[in-house]
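Dumped coords_4.csv below, it's CSV, C-alpha atoms:
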```csv
chain,number,residue,atom,x,y,z
J,672,MET,CA,96.6,-33.1,86.4
J,673,ASN,CA,93.4,-33.5,88.3
J,674,CYS,CA,92.9,-30.1,89.9
J,675,LEU,CA,90.6,-31.6,92.5
J,676,HIS,CA,93.7,-32.7,94.3
J,677,ASN,CA,94.4,-29.0,95.1
J,678,LEU,CA,91.1,-28.6,97.0
J,679,PRO,CA,91.7,-26.9,100.3
J,680,ARG,CA,89.9,-28.5,103.2
J,681,SER,CA,87.5,-26.5,105.4
J,682,SER,CA,84.4,-26.9,107.5
J,683,PHE,CA,80.9,-26.0,106.1
J,684,LEU,CA,78.0,-24.0,107.6
J,685,PRO,CA,74.7,-25.8,108.5
J,686,LEU,CA,73.1,-27.5,105.6
J,687,GLN,CA,70.0,-26.0,103.9
J,688,ASP,CA,67.0,-27.6,102.3
J,689,THR,CA,65.5,-26.0,99.2
J,690,LYS,CA,63.2,-27.0,96.4
J,691,CYS,CA,62.3,-26.0,92.8
J,692,CYS,CA,61.6,-27.3,89.4
J,693,ALA,CA,64.1,-26.5,86.6
J,694,ASN,CA,62.8,-25.4,83.2
J,695,THR,CA,64.0,-27.9,80.6
J,696,SER,CA,61.8,-26.9,77.7
J,697,PRO,CA,62.8,-28.4,74.3
J,698,CYS,CA,64.1,-25.8,71.9
J,699,VAL,CA,64.7,-25.2,68.2
J,700,ILE,CA,66.8,-22.8,66.2
J,701,ASN,CA,64.9,-22.6,63.0
J,702,ARG,CA,66.1,-21.7,59.5
J,703,THR,CA,65.3,-18.0,60.0
J,704,GLY,CA,67.6,-17.8,63.1
J,705,VAL,CA,64.8,-17.6,65.6
J,706,ILE,CA,65.2,-19.7,68.7
J,707,LYS,CA,62.0,-21.3,69.8
J,708,ALA,CA,61.1,-23.4,72.8
J,709,VAL,CA,58.0,-25.4,73.5
J,710,ASP,CA,56.8,-25.2,77.1
J,711,ARG,CA,53.8,-27.0,78.6
J,712,ARG,CA,52.5,-23.8,80.0
J,713,ARG,CA,53.3,-21.4,77.1
J,714,ASN,CA,54.9,-21.0,73.7
J,715,ILE,CA,57.8,-18.4,73.5
J,716,SER,CA,60.1,-17.3,70.8
J,717,MET,CA,63.2,-15.2,71.0
J,718,LYS,CA,65.4,-13.6,68.3
J,719,ALA,CA,69.0,-14.7,68.4
J,720,THR,CA,71.7,-12.5,66.9
J,721,ASN,CA,73.2,-13.9,63.8
J,722,GLY,CA,76.9,-13.3,63.2
J,723,SER,CA,78.5,-15.2,60.3
J,724,ALA,CA,77.1,-14.8,56.9
J,725,PRO,CA,75.1,-17.8,55.7
J,726,VAL,CA,76.5,-20.2,53.1
J,727,THR,CA,75.4,-18.9,49.7
J,728,ASN,CA,77.0,-21.6,47.4
J,729,VAL,CA,74.1,-23.9,46.4
J,730,GLU,CA,76.2,-27.2,46.5
J,731,GLY,CA,78.0,-26.1,49.7
J,732,ALA,CA,74.8,-25.1,51.3
J,733,LYS,CA,73.3,-28.5,50.6
J,734,VAL,CA,76.2,-30.3,52.3
J,735,GLU,CA,76.0,-27.9,55.3
J,736,GLU,CA,72.3,-28.6,55.6
J,737,GLU,CA,72.8,-32.3,55.5
J,738,LYS,CA,75.5,-32.1,58.2
J,739,SER,CA,73.2,-29.8,60.3
J,740,ASP,CA,70.4,-32.3,60.0
J,741,GLU,CA,72.6,-35.2,61.1
J,742,TYR,CA,74.1,-33.2,64.0
J,743,SER,CA,70.7,-32.1,65.1
J,744,ASN,CA,69.4,-35.7,65.1
J,745,ASN,CA,72.4,-36.9,67.1
J,746,MET,CA,72.0,-34.0,69.6
J,747,THR,CA,68.3,-34.6,70.1
J,748,GLU,CA,68.9,-38.3,70.7
J,749,ALA,CA,71.8,-37.8,73.1
J,750,MET,CA,70.5,-34.8,75.0
J,751,GLY,CA,66.9,-36.0,75.6
J,752,ALA,CA,65.4,-32.8,74.1
J,753,VAL,CA,64.3,-31.6,70.7
J,754,LEU,CA,67.3,-29.4,69.7
J,755,THR,CA,68.2,-28.1,66.2
J,756,TYR,CA,71.3,-26.4,65.0
J,757,ARG,CA,71.7,-24.8,61.5
J,758,HIS,CA,75.4,-24.3,60.9
J,759,GLU,CA,74.7,-22.9,57.4
J,760,LEU,CA,73.0,-19.9,58.9
J,761,GLY,CA,76.2,-18.7,60.6
J,762,MET,CA,77.1,-17.8,64.2
J,763,ASN,CA,74.2,-17.1,66.5
J,764,TYR,CA,74.3,-15.9,70.1
J,765,ASN,CA,72.5,-14.2,73.0
J,766,PHE,CA,73.6,-11.9,75.8
J,767,ILE,CA,72.9,-13.7,79.0
J,768,ARG,CA,74.3,-10.7,81.1
J,769,PRO,CA,75.8,-7.5,79.8
J,770,ASP,CA,79.3,-9.2,80.3
J,771,LEU,CA,78.4,-12.7,79.2
J,772,ILE,CA,77.3,-14.2,75.9
J,773,VAL,CA,76.4,-17.8,75.0
J,774,GLY,CA,76.4,-18.8,71.4
J,775,SER,CA,77.4,-21.2,68.6
J,776,CYS,CA,80.8,-21.6,67.1
J,777,LEU,CA,82.9,-19.1,65.2
J,778,GLN,CA,83.2,-20.2,61.5
J,779,THR,CA,85.7,-17.8,60.0
J,780,PRO,CA,88.3,-15.3,61.2
J,781,LYS,CA,85.7,-12.5,60.3
J,782,ASP,CA,83.6,-13.7,63.2
J,783,VAL,CA,86.4,-12.5,65.5
J,784,ASP,CA,85.9,-8.9,64.3
J,785,LYS,CA,82.1,-9.2,64.7
J,786,LEU,CA,82.7,-10.2,68.4
J,787,ARG,CA,85.2,-7.4,68.9
J,788,ALA,CA,82.7,-4.9,67.6
J,789,ILE,CA,80.3,-5.8,70.5
J,790,GLY,CA,83.0,-5.6,73.2
J,791,VAL,CA,84.0,-9.2,73.5
J,792,ARG,CA,87.5,-9.5,75.1
J,793,THR,CA,87.6,-13.3,75.6
J,794,ILE,CA,86.4,-16.0,73.2
J,795,PHE,CA,86.1,-19.3,75.1
J,796,CYS,CA,85.8,-22.3,72.9
J,797,LEU,CA,84.7,-25.7,74.3
J,798,GLN,CA,84.8,-27.7,71.1
J,799,LYS,CA,87.1,-30.6,70.4
J,800,ASP,CA,89.0,-31.0,67.2
J,801,SER,CA,86.5,-33.6,66.0
J,802,ASP,CA,83.7,-31.1,66.4
J,803,LEU,CA,85.5,-28.5,64.3
J,804,GLU,CA,86.5,-31.0,61.6
J,805,TYR,CA,82.9,-32.2,61.2
J,806,PHE,CA,81.8,-28.7,60.0
J,807,ASP,CA,85.1,-27.9,58.3
J,808,VAL,CA,85.9,-25.1,60.7
J,809,ASP,CA,89.5,-23.9,60.5
J,810,ILE,CA,90.2,-23.2,64.1
J,811,ASN,CA,93.9,-22.5,63.5
J,812,ALA,CA,93.0,-19.6,61.1
J,813,ILE,CA,90.6,-18.2,63.7
J,814,ARG,CA,93.1,-18.4,66.5
J,815,GLU,CA,95.9,-17.0,64.4
J,816,TYR,CA,93.9,-14.0,63.4
J,817,ALA,CA,92.7,-13.4,67.0
J,818,SER,CA,96.3,-13.5,68.2
J,819,THR,CA,97.1,-10.5,65.9
J,820,CYS,CA,94.5,-8.4,67.8
J,821,ASP,CA,95.5,-6.7,71.0
J,822,ASP,CA,92.0,-6.4,72.4
J,823,ILE,CA,90.7,-10.0,72.3
J,824,GLN,CA,92.0,-13.5,73.4
J,825,HIS,CA,90.9,-16.9,72.0
J,826,LEU,CA,91.1,-19.7,74.5
J,827,ARG,CA,90.2,-23.4,74.3
J,828,ALA,CA,88.9,-25.7,77.0
J,829,GLU,CA,87.7,-28.9,75.5
J,830,ILE,CA,84.6,-30.9,76.6
J,831,ARG,CA,83.2,-33.9,74.7
J,832,ASP,CA,79.9,-33.2,73.0
J,833,PHE,CA,76.7,-35.0,74.3
J,834,ASP,CA,78.7,-36.4,77.3
J,835,ALA,CA,77.3,-35.4,80.6
J,836,PHE,CA,79.9,-37.3,82.5
J,837,ASP,CA,82.8,-35.6,80.7
J,838,LEU,CA,81.0,-32.3,81.4
J,839,ARG,CA,81.0,-33.1,85.1
J,840,LEU,CA,84.7,-34.1,85.1
J,841,ARG,CA,85.8,-31.1,83.1
J,842,LEU,CA,83.7,-28.3,84.5
J,843,PRO,CA,85.9,-27.5,87.5
J,844,ALA,CA,89.0,-27.0,85.4
J,845,VAL,CA,87.1,-25.3,82.6
J,846,VAL,CA,85.4,-22.8,84.8
J,847,SER,CA,88.8,-22.2,86.6
J,848,LYS,CA,90.3,-21.2,83.2
J,849,LEU,CA,87.3,-19.1,82.4
J,850,HIS,CA,87.4,-17.3,85.7
J,851,LYS,CA,91.1,-16.4,85.3
J,852,ALA,CA,90.5,-15.2,81.7
J,853,VAL,CA,87.6,-13.0,82.8
J,854,ASN,CA,89.7,-11.5,85.6
J,855,GLN,CA,92.6,-10.8,83.2
J,856,ASN,CA,90.7,-9.5,80.2
J,857,GLY,CA,87.6,-7.9,81.5
J,858,GLY,CA,84.9,-6.8,79.1
J,859,VAL,CA,82.5,-9.2,77.5
J,860,THR,CA,83.1,-13.0,77.4
J,861,TYR,CA,81.8,-15.2,74.6
J,862,ILE,CA,81.3,-18.8,75.6
J,863,HIS,CA,80.6,-21.2,72.7
J,864,CYS,CA,80.5,-24.9,71.8
J,865,THR,CA,79.2,-26.1,68.4
J,866,ALA,CA,75.5,-25.2,68.7
J,867,GLY,CA,75.6,-23.2,71.9
J,868,LEU,CA,72.8,-25.3,73.3
J,869,GLY,CA,74.6,-27.8,75.7
J,870,ARG,CA,78.2,-27.4,76.8
J,871,ALA,CA,78.4,-23.6,76.5
J,872,PRO,CA,75.2,-22.8,78.5
J,873,ALA,CA,76.2,-25.4,81.1
J,874,THR,CA,79.6,-23.7,81.5
J,875,ALA,CA,78.0,-20.3,81.7
J,876,LEU,CA,75.6,-21.6,84.3
J,877,ALA,CA,78.3,-23.1,86.4
J,878,TYR,CA,80.3,-19.8,86.2
J,879,MET,CA,77.2,-17.8,87.4
J,880,PHE,CA,76.6,-20.3,90.2
J,881,TRP,CA,80.2,-20.7,91.4
J,882,VAL,CA,81.6,-17.2,90.7
J,883,GLN,CA,78.9,-14.6,90.3
J,884,GLY,CA,76.9,-15.4,93.4
J,885,TYR,CA,73.7,-16.7,91.9
J,886,ASN,CA,71.9,-19.7,93.3
J,887,LEU,CA,71.4,-22.4,90.6
J,888,LYS,CA,67.7,-21.8,89.9
J,889,GLU,CA,68.2,-18.0,89.7
J,890,ALA,CA,71.0,-18.4,87.2
J,891,LEU,CA,69.0,-21.0,85.2
J,892,ASP,CA,66.0,-18.6,85.0
J,893,ILE,CA,68.2,-15.8,83.7
J,894,LEU,CA,69.9,-18.2,81.2
J,895,LEU,CA,66.7,-19.6,79.8
J,896,GLY,CA,65.1,-16.2,79.8
J,897,LYS,CA,67.8,-15.1,77.3
J,898,ARG,CA,68.6,-18.3,75.3
J,899,PHE,CA,66.6,-21.5,75.0
J,900,CYS,CA,69.0,-24.3,75.6
J,901,PHE,CA,69.5,-27.6,77.5
J,902,PRO,CA,72.3,-27.4,80.1
J,903,LYS,CA,72.8,-30.6,82.0
J,904,LEU,CA,71.9,-29.6,85.6
J,905,GLU,CA,72.9,-32.9,87.1
J,906,ALA,CA,76.5,-32.5,85.7
J,907,ILE,CA,76.7,-29.1,87.3
J,908,LYS,CA,75.4,-30.3,90.6
J,909,SER,CA,77.8,-33.3,90.6
J,910,ALA,CA,80.8,-31.1,89.7
J,911,THR,CA,79.9,-28.7,92.6
J,912,ALA,CA,79.8,-31.6,95.0
J,913,ASP,CA,83.0,-33.0,93.6
J,914,ILE,CA,84.8,-29.7,94.4
J,915,LEU,CA,83.4,-29.5,97.9
J,916,THR,CA,83.6,-33.2,98.9
J,917,GLY,CA,86.3,-34.6,96.6
J,918,ARG,CA,85.7,-37.0,93.8
J,919,LYS,CA,85.6,-40.3,95.6
J,920,LYS,CA,85.4,-43.5,93.6
J,921,LYS,CA,83.6,-46.7,94.6
J,922,PRO,CA,84.0,-50.2,93.1
J,923,VAL,CA,81.0,-51.5,91.2
J,924,THR,CA,80.4,-55.0,89.8
J,925,LEU,CA,77.9,-55.6,87.0
J,926,THR,CA,77.0,-59.0,85.6
J,927,TRP,CA,75.1,-60.7,82.8
J,928,ASN,CA,73.9,-64.3,83.1
J,929,GLY,CA,74.1,-65.9,79.7
J,930,ALA,CA,76.4,-68.7,78.6
J,931,ASN,CA,75.0,-68.9,75.1
J,932,CYS,CA,76.3,-65.5,73.8
J,933,SER,CA,79.7,-64.8,72.4
J,934,THR,CA,80.2,-61.1,73.3
J,935,VAL,CA,78.7,-59.0,76.1
J,936,GLU,CA,79.4,-55.3,76.3
J,937,ILE,CA,78.1,-52.3,78.3
J,938,SER,CA,77.4,-48.8,77.0
J,939,GLY,CA,76.6,-45.7,79.1
J,940,LEU,CA,78.0,-45.5,82.7
J,941,ASP,CA,80.9,-43.1,82.6
J,942,ILE,CA,81.8,-43.5,79.0
J,943,GLY,CA,78.7,-42.2,77.2
J,944,TRP,CA,76.4,-44.0,74.8
J,945,GLY,CA,78.9,-44.3,71.9
J,946,PRO,CA,81.8,-46.4,73.3
J,947,LYS,CA,81.3,-49.9,74.7
J,948,ILE,CA,83.1,-51.8,77.5
J,949,PRO,CA,83.6,-55.6,77.1
J,950,LEU,CA,82.7,-57.9,80.0
J,951,ASN,CA,84.8,-60.9,80.8
J,952,TYR,CA,83.3,-64.4,81.2
J,953,ASP,CA,83.8,-66.0,84.6
J,954,GLN,CA,83.5,-69.8,84.1
J,955,GLU,CA,83.2,-70.6,87.8
J,956,GLN,CA,80.2,-68.2,88.2
J,957,GLY,CA,78.8,-68.8,84.8
J,958,LEU,CA,78.5,-65.0,84.5
J,959,TRP,CA,79.8,-62.1,82.3
J,960,VAL,CA,81.4,-59.7,84.7
J,961,LEU,CA,82.5,-56.0,84.7
J,962,GLN,CA,84.3,-54.5,87.6
J,963,ARG,CA,84.7,-50.7,87.5
J,964,GLU,CA,85.4,-47.8,89.8
J,965,LEU,CA,82.9,-44.9,89.5
J,966,PRO,CA,82.7,-41.6,91.3
J,967,GLU,CA,79.6,-41.0,93.4
J,968,GLY,CA,76.5,-40.4,91.3
J,969,ARG,CA,73.7,-42.1,89.3
J,970,TYR,CA,74.7,-43.9,86.1
J,971,GLU,CA,72.4,-45.3,83.4
J,972,TYR,CA,73.7,-48.1,81.1
J,973,LYS,CA,72.6,-50.9,78.8
J,974,TYR,CA,74.0,-54.3,77.8
J,975,VAL,CA,74.9,-55.1,74.2
J,976,ILE,CA,74.6,-58.8,73.7
J,977,ASP,CA,76.0,-60.0,70.4
J,978,GLY,CA,75.1,-56.6,69.0
J,979,GLU,CA,71.6,-56.4,70.5
J,980,TRP,CA,70.9,-53.7,73.1
J,981,LEU,CA,69.1,-55.2,76.2
J,982,TYR,CA,68.6,-54.3,79.8
J,983,ASN,CA,69.2,-56.7,82.7
J,984,LYS,CA,66.0,-57.5,84.5
J,985,ASP,CA,68.0,-58.6,87.6
J,986,GLU,CA,69.5,-55.1,88.0
J,987,PRO,CA,67.7,-51.8,88.8
J,988,VAL,CA,65.9,-50.3,85.8
J,989,THR,CA,64.7,-46.9,84.9
J,990,GLU,CA,61.1,-46.0,83.9
J,991,ILE,CA,60.3,-46.0,80.2
J,992,ASN,CA,61.7,-42.9,78.7
J,993,LYS,CA,60.1,-40.7,76.0
J,994,ASP,CA,61.6,-42.9,73.2
J,995,GLY,CA,60.1,-46.1,74.8
J,996,HIS,CA,63.4,-47.3,76.1
J,997,ILE,CA,64.3,-48.9,79.5
J,998,ASN,CA,67.9,-48.7,80.8
J,999,ASN,CA,69.6,-50.2,83.8
J,1000,TYR,CA,71.1,-47.8,86.4
J,1001,VAL,CA,73.4,-47.9,89.3
J,1002,GLN,CA,73.6,-45.4,92.2
J,1003,VAL,CA,77.1,-45.0,93.6
J,1004,SER,CA,76.9,-43.5,97.1
J,1005,ASP,CA,79.0,-43.0,100.3
J,1006,ASP,CA,79.1,-46.0,102.5
J,1007,ASN,CA,77.9,-43.9,105.4
J,1008,PRO,CA,74.8,-41.9,104.3
J,1009,ASP,CA,74.9,-39.9,107.5
J,1010,SER,CA,78.4,-38.6,107.0
J,1011,ILE,CA,79.0,-34.8,106.5
J,1012,THR,CA,80.1,-35.3,102.9
J,1013,ALA,CA,77.2,-37.6,102.1
J,1014,LYS,CA,74.7,-35.0,103.5
J,1015,LEU,CA,76.4,-32.2,101.6
J,1016,ARG,CA,76.3,-34.1,98.3
J,1017,GLU,CA,72.6,-34.9,98.9
J,1018,ARG,CA,71.8,-31.3,99.5
J,1019,LEU,CA,73.7,-30.2,96.4
J,1020,MET,CA,72.0,-32.8,94.2
J,1021,ALA,CA,68.5,-31.5,95.3
J,1022,ASP,CA,66.2,-29.5,93.1
J,1023,GLU,CA,67.3,-26.0,94.1
J,1024,PRO,CA,70.8,-26.1,95.5
J,1025,ASP,CA,72.5,-23.0,96.9
J,1026,LEU,CA,75.9,-22.4,98.4
J,1027,THR,CA,76.8,-21.1,101.8
J,1028,LYS,CA,79.3,-18.2,102.1
J,1029,ASN,CA,82.0,-20.7,103.2
J,1030,GLU,CA,81.3,-23.0,100.4
J,1031,ARG,CA,81.6,-20.2,97.9
J,1032,LEU,CA,85.0,-19.3,99.4
J,1033,VAL,CA,86.2,-22.9,99.1
J,1034,ILE,CA,85.1,-23.0,95.4
J,1035,ARG,CA,86.8,-19.6,94.7
J,1036,GLN,CA,90.0,-20.9,96.3
J,1037,PHE,CA,89.8,-24.0,94.3
J,1038,LEU,CA,89.2,-22.2,91.0
J,1039,GLU,CA,92.2,-19.9,91.6
J,1040,ALA,CA,94.5,-22.8,92.6
J,1041,CYS,CA,93.5,-25.2,89.7
J,1042,PRO,CA,96.4,-25.4,87.2
J,1043,ASP,CA,95.7,-24.4,83.6
J,1044,ASP,CA,95.4,-27.3,81.0
J,1045,GLU,CA,96.7,-25.3,78.0
```

This entry written out as structure tokens:
Amino acid sequence: MNCLHNLPRSSFLPLQDTKCCANTSPCVINRTGVIKAVDRRRNISMKATNGSAPVTNVEGAKVEEEKSDEYSNNMTEAMGAVLTYRHELGMNYNFIRPDLIVGSCLQTPKDVDKLRAIGVRTIFCLQKDSDLEYFDVDINAIREYASTCDDIQHLRAEIRDFDAFDLRLRLPAVVSKLHKAVNQNGGVTYIHCTAGLGRAPATALAYMFWVQGYNLKEALDILLGKRFCFPKLEAIKSATADILTGRKKKPVTLTWNGANCSTVEISGLDIGWGPKIPLNYDQEQGLWVLQRELPEGRYEYKYVIDGEWLYNKDEPVTEINKDGHINNYVQVSDDNPDSITAKLRERLMADEPDLTKNERLVIRQFLEACPDDE
């Protein structure tokens, strides 16, 4: 069920304009367990707490290292920042607040006891089954052991890895579930994904923004001051606007002019960079056509022509990115840019969005009304 359907309607206070620059420094967790970030203004390092014992079997360690290398390469390419995760070093985490921890995944049932020892009452896992299978994590054993303990609860709220659009769609329901768990269990909450560098910090940031009363920049500064990571701010802003304005979709038509190719596909948009959507050839127009409904927002995409990745010069293009690539993009917006909802979304998508007292009340009501997905 789409919990946005349960959104109560209310009026909003006057709009506010604010500005800031978010810190999105590339970060690395090196082989000694030290998290490092490279900033244009300074170099900073911070010690992360290691939980699980490192892999000691030589052959097993080699396999783990190879998997970590592959995962880190995929993460860096997908997230647009130099990010490294060493699964073989065990669980690592940082206290963001006295009651909130962001970290990497639990690897064995023993990790449950390590978290209990530091006061954790809720383990909040954002991984999908495929994430767990990749690193051979037995999630059932972890959950079964946690269920035998009367002082801790293990919950799952899945978000696809490296997928900012899925993060945007899932955040409202995920934070709703988190909010209810914190209210029920109290104590310290441990939020984790695989590496603790993308989904988990984004979820913690949205929780701080929506529930704990921080503005987004203030929450981000606290988060990055404790753990160097790369939360997708645009996904959080879009999810905030979705709660307050509704997730309206608009029809979009994309075309490729080329009769000499046999297959035309698109990657990106709302499906991420892995999957591809085939276009249909319209003989009357002599064009390959894709018609799709997209929620409001900005989407990058690229055409795949007979297996070759190309951008369309006849559609809007991005600037050259750090890898030397150019993508197409489409901006999906309200038909009336002067409407109340359009102005509200514009404000929330700005550099330093904050929420009015009334908006916070609407979000709180939404989070409490959203049905659980587990």

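Close contacts of Lys799 in chain J, defined as residues with an atom at most 10 Å away when counting all atoms listed in the file, with chain neighbours fewer than 3 positions off set aside, comprise Cys796, Asp802, Leu803, Glu804, Arg827, Ala828, Glu829, Ile830, Arg831, Asp832, Cys864 and Thr865 of chain J.
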
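If only C-alpha atoms are the atoms counted, then among J:Ala910, J:Leu1038, J:Leu958, J:Ala866 the closest residue to Ala930 in chain J is J:Leu958.
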
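Coordinates place CA of Glu936 in chain J at a distance of 5.6 Å from CA of Leu950 in chain J.
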
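Between CA of Arg969 in chain J and CA of Val1003 in chain J the interatomic distance comes to 6.2 Å.
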
Discussion item. Given the point (76.0, -53.7, 88.6) in the file's coordinates, find the residues that have an atom at most 12 Å from it, counting all atoms listed in the file, and give them as a ChimeraX atom specification.
Written reply: /J:921-927,937,940,950,959-965,969-974,982-988,999-1003

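Here CA of Trp944 in chain J and CA of Arg898 in chain J stand 26.9 Å from one another.
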
Discussion item. Can you tell me which residues surround range 872-878 of chain J at a distance of at most 10 Å, considering only C-alpha atoms, apart from same-chain residues fewer than 5 positions away, and format the answer as a ChimeraX atom specification?
Written reply: /J:767,771-774,797,838-839,841-843,845-847,849-850,860-864,867,883-891,893-895,898-904,906-908,910-911

Item to complete: Determine, counting all atoms listed in the file, every residue of protein, DNA or RNA that lies within 6 Å of (82.4, -20.6, 63.1) in the file coordinates, then give the result as a list in words.
Response: Cys776, Leu777, Gln778 and Thr779 of chain J

Suppose we keep C-alpha atoms; can you now write the selection as a CSV table (one decimal), in the coordinates of the input?
```csv
chain,number,residue,atom,x,y,z
J,776,CYS,CA,80.8,-21.6,67.1
J,777,LEU,CA,82.9,-19.1,65.2
J,778,GLN,CA,83.2,-20.2,61.5
J,779,THR,CA,85.7,-17.8,60.0
```

Because some atoms of range 843-850 of chain J are absent here, can you restore all heavy atoms and send them as an mmCIF file, in the frame of the given file?
```
data_model
loop_
_atom_site.group_PDB
_atom_site.id
_atom_site.type_symbol
_atom_site.label_atom_id
_atom_site.label_comp_id
_atom_site.auth_asym_id
_atom_site.auth_seq_id
_atom_site.Cartn_x
_atom_site.Cartn_y
_atom_site.Cartn_z
ATOM 1 N N PRO J 843 85.080 -28.235 86.539
ATOM 2 C CA PRO J 843 85.900 -27.500 87.500
ATOM 3 C C PRO J 843 87.127 -26.834 86.848
ATOM 4 O O PRO J 843 87.389 -25.647 87.066
ATOM 5 C CB PRO J 843 86.302 -28.560 88.519
ATOM 6 C CG PRO J 843 85.167 -29.538 88.479
ATOM 7 C CD PRO J 843 84.783 -29.606 87.031
ATOM 8 N N ALA J 844 87.870 -27.571 86.030
ATOM 9 C CA ALA J 844 89.000 -27.000 85.400
ATOM 10 C C ALA J 844 88.658 -25.975 84.321
ATOM 11 O O ALA J 844 89.337 -24.959 84.150
ATOM 12 C CB ALA J 844 89.875 -28.120 84.729
ATOM 13 N N VAL J 845 87.574 -26.230 83.613
ATOM 14 C CA VAL J 845 87.100 -25.300 82.600
ATOM 15 C C VAL J 845 86.682 -23.982 83.156
ATOM 16 O O VAL J 845 87.064 -22.906 82.671
ATOM 17 C CB VAL J 845 85.978 -25.957 81.748
ATOM 18 C CG1 VAL J 845 85.273 -24.931 80.872
ATOM 19 C CG2 VAL J 845 86.515 -27.093 80.883
ATOM 20 N N VAL J 846 85.883 -24.018 84.216
ATOM 21 C CA VAL J 846 85.400 -22.800 84.800
ATOM 22 C C VAL J 846 86.588 -22.051 85.510
ATOM 23 O O VAL J 846 86.623 -20.815 85.541
ATOM 24 C CB VAL J 846 84.273 -23.055 85.830
ATOM 25 C CG1 VAL J 846 83.882 -21.784 86.582
ATOM 26 C CG2 VAL J 846 83.063 -23.616 85.083
ATOM 27 N N SER J 847 87.564 -22.798 86.026
ATOM 28 C CA SER J 847 88.800 -22.200 86.600
ATOM 29 C C SER J 847 89.467 -21.345 85.508
ATOM 30 O O SER J 847 89.851 -20.190 85.735
ATOM 31 C CB SER J 847 89.709 -23.244 87.125
ATOM 32 O OG SER J 847 90.977 -22.689 87.428
ATOM 33 N N LYS J 848 89.634 -21.934 84.336
ATOM 34 C CA LYS J 848 90.300 -21.200 83.200
ATOM 35 C C LYS J 848 89.481 -20.023 82.791
ATOM 36 O O LYS J 848 90.029 -18.948 82.505
ATOM 37 C CB LYS J 848 90.492 -22.206 82.069
ATOM 38 C CG LYS J 848 91.332 -21.665 80.932
ATOM 39 C CD LYS J 848 91.636 -22.782 79.945
ATOM 40 C CE LYS J 848 92.627 -22.336 78.892
ATOM 41 N NZ LYS J 848 93.033 -23.445 78.002
ATOM 42 N N LEU J 849 88.168 -20.184 82.748
ATOM 43 C CA LEU J 849 87.300 -19.100 82.400
ATOM 44 C C LEU J 849 87.377 -17.946 83.394
ATOM 45 O O LEU J 849 87.482 -16.761 83.021
ATOM 46 C CB LEU J 849 85.838 -19.598 82.292
ATOM 47 C CG LEU J 849 84.739 -18.569 82.056
ATOM 48 C CD1 LEU J 849 84.903 -17.897 80.699
ATOM 49 C CD2 LEU J 849 83.361 -19.247 82.155
ATOM 50 N N HIS J 850 87.335 -18.287 84.659
ATOM 51 C CA HIS J 850 87.400 -17.300 85.700
ATOM 52 C C HIS J 850 88.682 -16.478 85.651
ATOM 53 O O HIS J 850 88.667 -15.239 85.767
ATOM 54 C CB HIS J 850 87.321 -18.046 87.075
ATOM 55 C CG HIS J 850 87.542 -17.215 88.286
ATOM 56 N ND1 HIS J 850 86.843 -16.056 88.553
ATOM 57 C CD2 HIS J 850 88.416 -17.359 89.325
ATOM 58 C CE1 HIS J 850 87.242 -15.542 89.693
ATOM 59 N NE2 HIS J 850 88.206 -16.305 90.172
#
```
